[in-house]
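Undergrad: Before I ask anything, let me first share the structure, which is written out below as structure tokens.
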Amino acid sequence: MADDSSHKTSIRAERLQDLLVVAVLTLAGAGTRLLYLFQPVRLDEIQTFFAYVQRPLFIALTKNNPPNNQFFHTLLVKASIGVFGPHDWAMRLPAYIAGIAMIPLTYLVVRRLFDRGAVSPHRWAAILAAGLVAGSSHLVDYSTSARGYTIQAVLVIGLVLLGLRLERRRATWSWAAFALLAILTLYTIPTSVYFVGAVVVWLGIAGLRRYTVENRAPFLLKLAASGAAAGLVTVLLYVPVITTSGLASVTSNPMVQPMPFGYFLQGTVKLAWDTFRSWNVAIGPVLGILLLICFVAGLVFFRRLSTERVDPVLIMLVFSVVALLVQRSVPFTRTWIPLLPFYFGTAAAGGLHLGSSIVAFAREKGLKARPSAGFALVAVVVLSCFLCALVIAQDTPYQANSLGVPAPESSFKDARAVADYLKDNLRPGDIVYIDHFAEPTLEFYLTQEGVPPGYLFANNQGADTAAEPRRVIVVLAGSEGHGYEPAVFDWATAADLQNAEILKMLPCTVIMATEVKR
């Protein structure tokens, strides 16, 4: 009895330690993301706002042209803006909250997935995975972008957590919750079919391997019914979209079309490289390769590390590869964001397994040292805070384009300051030239300041304010050390750019003006 009581006390103490550490990791991740919640909006965010969010609800939930509407996310953003107003941070609030929630949810799913009791590194793998999620530059980036990818990732984690529960406890409410999460995931982003389909396949295989012949049928019937219900409701939700914008707006993004097989292979290699770069943008390729080796180890030794008979992460990978081969299309790197928490979890478990093997070998050679539990917990917190510091020091969310691929020229850090200056200094007859990458961002903030967008002359589109402008204002915008190339102006021969007056110098931007020659 004394031993049993001592064991329970030890478990409670361990859980309290984990709770405190995960809370610290969550706060570190939330704080890092908060720093970038107010960064200038980007092209995809602006398209979402103007095309869907600011439109009436009926249009927002039925229009998908251009095919950029992530409907459940759009609904959440409309609610956020309805409460807080049309601010950039309010647009990002749903993604931000989901990005924070991903940290403790990663801990839960990894601990549950790699749970083999006292002999397993499941506890440490779960904490380490949560720390990696907290300090991931890629996840920080998408947690502070008004897009639905972090929401999609959280829903996929929820699906796997429910799936792990359903394997053992087949409560009716759990199946209903599973169907609801599947619906919301698919309604957020259509490419979620990669992950929802993979989770259903994983549960089916797991059920076949876990249950006896007489018990398989009820489990598989409930899985089929739940999946069918989710599919039917999802189709019904997309019917108004298909009626209004056409089937192709949902199933055939013009940016992602079937390719000849040779081009598809080349594109897939580039996709893999871009995904690797995006996932490891802050830590660099060397540590990225080390993390990849640990991930492979986690896949290879999964049966030693988990009581699960089938690895859902492996099923997701195989399902995605098969889907890509069938489609022969190359999606964007951001498509794989829901895999990233599972990648970190598997890498953490694999790395700890390799580490424990090295320690065991060293003990055979006479090494006695062994780190304490307290030291390990502190080390994980320090690692996560170090990763967060790397993100902040390198300003990596400013160093990626809207696809998540490193591209420093995509950020317009001075957008608010430029809009504020132009609001007070534009005159009738002025025309503003700016690089087409930065123009939508400037238009967003000018609109917030009440300045008519017709002053802008981007992408060779004429200004509304004057057929013959009297003064040309040129905005050369970019990130530190990465200036934009000036736009190609139709009016260049009429503007004396060599003798332009510098109106304002900002950290990353120069505002110049010149009179138009008559």
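Convention: chains lettered A, B, ... in structure tokens order; per-chain residue numbering from 1; ligands numbered from 1 as shown.
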Name all residues at most 9 Å from Ala182 in chain A (count only C-alpha atoms; drop same-chain ones fewer than 2 positions away) and give them as JSON, numbers by chain.

TA: {"A": [155, 156, 159, 177, 178, 179, 180, 184, 185, 186, 187, 192, 196, 227, 230, 231, 234]}

Undergrad: Determine, counting only C-alpha atoms, which protein, DNA and RNA residues have an atom within 9 Å of an atom of Gly158 in chain A; residues of the same chain fewer than 4 positions away are not included. Present the result as a list in words.

TA: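 In the requested form, the answer reads Leu105, Val109, Ala153, Val154, Leu162, Gly163, Phe178 and Leu181 of chain A.
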
Undergrad: Which residues are close to Val133 in chain A, i.e. within 10 Å by only C-alpha atoms, leaving aside same-chain residues fewer than 2 positions away? Reply as an MDAnalysis selection string.

TA: chainID A and resid 25:26 29 99:100 102:104 106:107 127:131 135:140 340:345 384 387:388

Undergrad: Measuring between only C-alpha atoms, which one of A:Gln47, A:Ser306, A:Thr333, A:Ser320 shows the shortest distance to Lys270 in chain A?

TA: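 Comparing A:Gln47, A:Ser306, A:Thr333, A:Ser320 against Lys270 in chain A, the winner is A:Thr333.
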
Undergrad: If we count only C-alpha atoms, what is near Ala51 in chain A at a cut-off of 9 Å, once residues fewer than 6 positions away on the same chain are taken out, given as a PyMOL selection string?

TA: chain A and resi 60+63-66+68-69

Undergrad: Record the distance separating CA of Arg165 in chain A and CA of Glu308 in chain A, expressed in Å with one decimal.

TA: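 CA of Glu308 in chain A lies 11.5 Å from CA of Arg165 in chain A.
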
Undergrad: Output as a list in words all residues of range 277-453 of chain A that backbone DSSP marks as strand (DSSP E).

TA: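 Put together, the selection reads Asp430, Ile431, Val432, Tyr433 and Ile434 of chain A.
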
Undergrad: Those same residues, written as a PDB file, in the first residue's frame with N, CA and C atoms?

TA:
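The new file result.pdb reads:
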```
ATOM      1  N   ASP A 430      -1.433  64.368 -57.364  1.00  0.00           N
ATOM      2  CA  ASP A 430      -0.303  63.470 -57.085  1.00  0.00           C
ATOM      3  C   ASP A 430      -0.605  62.065 -57.583  1.00  0.00           C
ATOM      4  N   ILE A 431       0.459  61.353 -57.888  1.00  0.00           N
ATOM      5  CA  ILE A 431       0.344  59.936 -58.226  1.00  0.00           C
ATOM      6  C   ILE A 431       1.495  59.212 -57.530  1.00  0.00           C
ATOM      7  N   VAL A 432       1.200  58.060 -56.954  1.00  0.00           N
ATOM      8  CA  VAL A 432       2.175  57.329 -56.147  1.00  0.00           C
ATOM      9  C   VAL A 432       2.580  56.059 -56.873  1.00  0.00           C
ATOM     10  N   TYR A 433       3.875  55.918 -57.096  1.00  0.00           N
ATOM     11  CA  TYR A 433       4.421  54.709 -57.690  1.00  0.00           C
ATOM     12  C   TYR A 433       5.082  53.877 -56.587  1.00  0.00           C
ATOM     13  N   ILE A 434       4.830  52.585 -56.617  1.00  0.00           N
ATOM     14  CA  ILE A 434       5.461  51.674 -55.661  1.00  0.00           C
ATOM     15  C   ILE A 434       5.531  50.298 -56.301  1.00  0.00           C
TER      16      ILE A 434
END
```

Undergrad: Name the residues of range 56-286 of chain A that come out as alpha helix (DSSP H) in a backbone DSSP run; write them as a ChimeraX atom specification.

TA: /A:57-60,71-84,88-113,122-134,137-143,149-166,172-188,193-210,213-245,248-251,261-279,284-286

Undergrad: When distances are computed from only C-alpha atoms, which of A:Ala228, A:Ala272, A:Cys508, A:Val286 shows the smallest separation from Val330 in chain A?

TA: A:Ala272

Undergrad: Rank A:Ile289, A:Pro86, A:Ala415, A:Arg328 by their smallest atom-to-atom distance to Tyr263 in chain A, using only C-alpha atoms, and report the top residue only.

TA: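 Closest to Tyr263 in chain A, using only C-alpha atoms: A:Arg328.
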
Undergrad: In Å, rounded to a single decimal, give me how far CA of Ala348 in chain A is from CA of Val110 in chain A.

TA: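 About the pair CA of Val110 in chain A and CA of Ala348 in chain A: they are 9.2 Å apart.
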
Undergrad: How far is it from CA of Gly288 in chain A to CA of Phe276 in chain A, in Å with one decimal?

TA: 7.6 Å

Undergrad: Excluding same-chain residues fewer than 6 positions from Ala95 in chain A, what lies within 10 Å of it counting only C-alpha atoms, as a short mmCIF file (atom, residue, chain, number, x, y, z; two decimals) with N, CA, C and O atoms, in the first residue's frame?

TA:
```cif
data_model
loop_
_atom_site.label_atom_id
_atom_site.label_comp_id
_atom_site.auth_asym_id
_atom_site.auth_seq_id
_atom_site.Cartn_x
_atom_site.Cartn_y
_atom_site.Cartn_z
N LEU A 37 2.48 39.81 -34.41
CA LEU A 37 1.05 39.92 -34.68
C LEU A 37 0.72 41.22 -35.39
O LEU A 37 -0.28 41.32 -36.10
N HIS A 73 -12.05 29.66 -41.63
CA HIS A 73 -11.18 30.74 -41.18
C HIS A 73 -11.80 32.10 -41.49
O HIS A 73 -11.76 33.01 -40.64
N LEU A 76 -14.34 32.93 -38.90
CA LEU A 76 -13.73 33.34 -37.64
C LEU A 76 -13.16 34.76 -37.74
O LEU A 76 -13.27 35.54 -36.78
N VAL A 77 -12.56 35.10 -38.86
CA VAL A 77 -12.00 36.45 -39.03
C VAL A 77 -13.10 37.49 -39.05
O VAL A 77 -12.97 38.57 -38.46
N ALA A 101 -2.49 27.52 -29.16
CA ALA A 101 -3.10 26.26 -28.72
C ALA A 101 -2.33 25.05 -29.24
O ALA A 101 -2.35 23.97 -28.62
N TYR A 142 3.13 31.61 -39.55
CA TYR A 142 1.73 31.35 -39.91
C TYR A 142 0.78 31.55 -38.74
O TYR A 142 -0.44 31.64 -38.95
N SER A 143 1.29 31.64 -37.52
CA SER A 143 0.45 32.02 -36.39
C SER A 143 0.17 33.51 -36.38
O SER A 143 -0.70 33.97 -35.63
N THR A 144 0.90 34.27 -37.16
CA THR A 144 0.72 35.72 -37.23
C THR A 144 0.37 36.16 -38.65
O THR A 144 0.71 37.26 -39.08
N SER A 145 -0.28 35.27 -39.37
CA SER A 145 -0.75 35.55 -40.72
C SER A 145 -2.24 35.22 -40.78
O SER A 145 -2.66 34.17 -40.30
N ALA A 146 -3.02 36.10 -41.36
CA ALA A 146 -4.47 35.92 -41.40
C ALA A 146 -4.85 34.88 -42.45
O ALA A 146 -5.50 35.16 -43.45
N ARG A 147 -4.42 33.66 -42.20
CA ARG A 147 -4.74 32.51 -43.05
C ARG A 147 -5.13 31.35 -42.13
O ARG A 147 -4.91 31.40 -40.91
N GLY A 148 -5.65 30.30 -42.70
CA GLY A 148 -6.24 29.25 -41.88
C GLY A 148 -5.36 28.06 -41.58
O GLY A 148 -5.85 27.04 -41.09
N TYR A 149 -4.05 28.17 -41.81
CA TYR A 149 -3.20 26.98 -41.73
C TYR A 149 -2.96 26.51 -40.30
O TYR A 149 -2.89 25.30 -40.04
N THR A 150 -2.83 27.42 -39.35
CA THR A 150 -2.66 26.97 -37.96
C THR A 150 -3.97 26.40 -37.43
O THR A 150 -3.96 25.46 -36.62
N ILE A 151 -5.09 26.95 -37.87
CA ILE A 151 -6.39 26.37 -37.48
C ILE A 151 -6.51 24.96 -38.04
O ILE A 151 -6.93 24.03 -37.34
N GLN A 152 -6.13 24.77 -39.28
CA GLN A 152 -6.14 23.45 -39.89
C GLN A 152 -5.24 22.49 -39.12
O GLN A 152 -5.65 21.35 -38.82
#
```

Undergrad: Give me, as an MDAnalysis selection string, all polymer residues having an atom no more than 12 Å from Leu208 in chain A, counting only C-alpha atoms and skipping those fewer than 4 positions away in the same chain.

TA: chainID A and resid 167 201:204 212:221 223 309:310
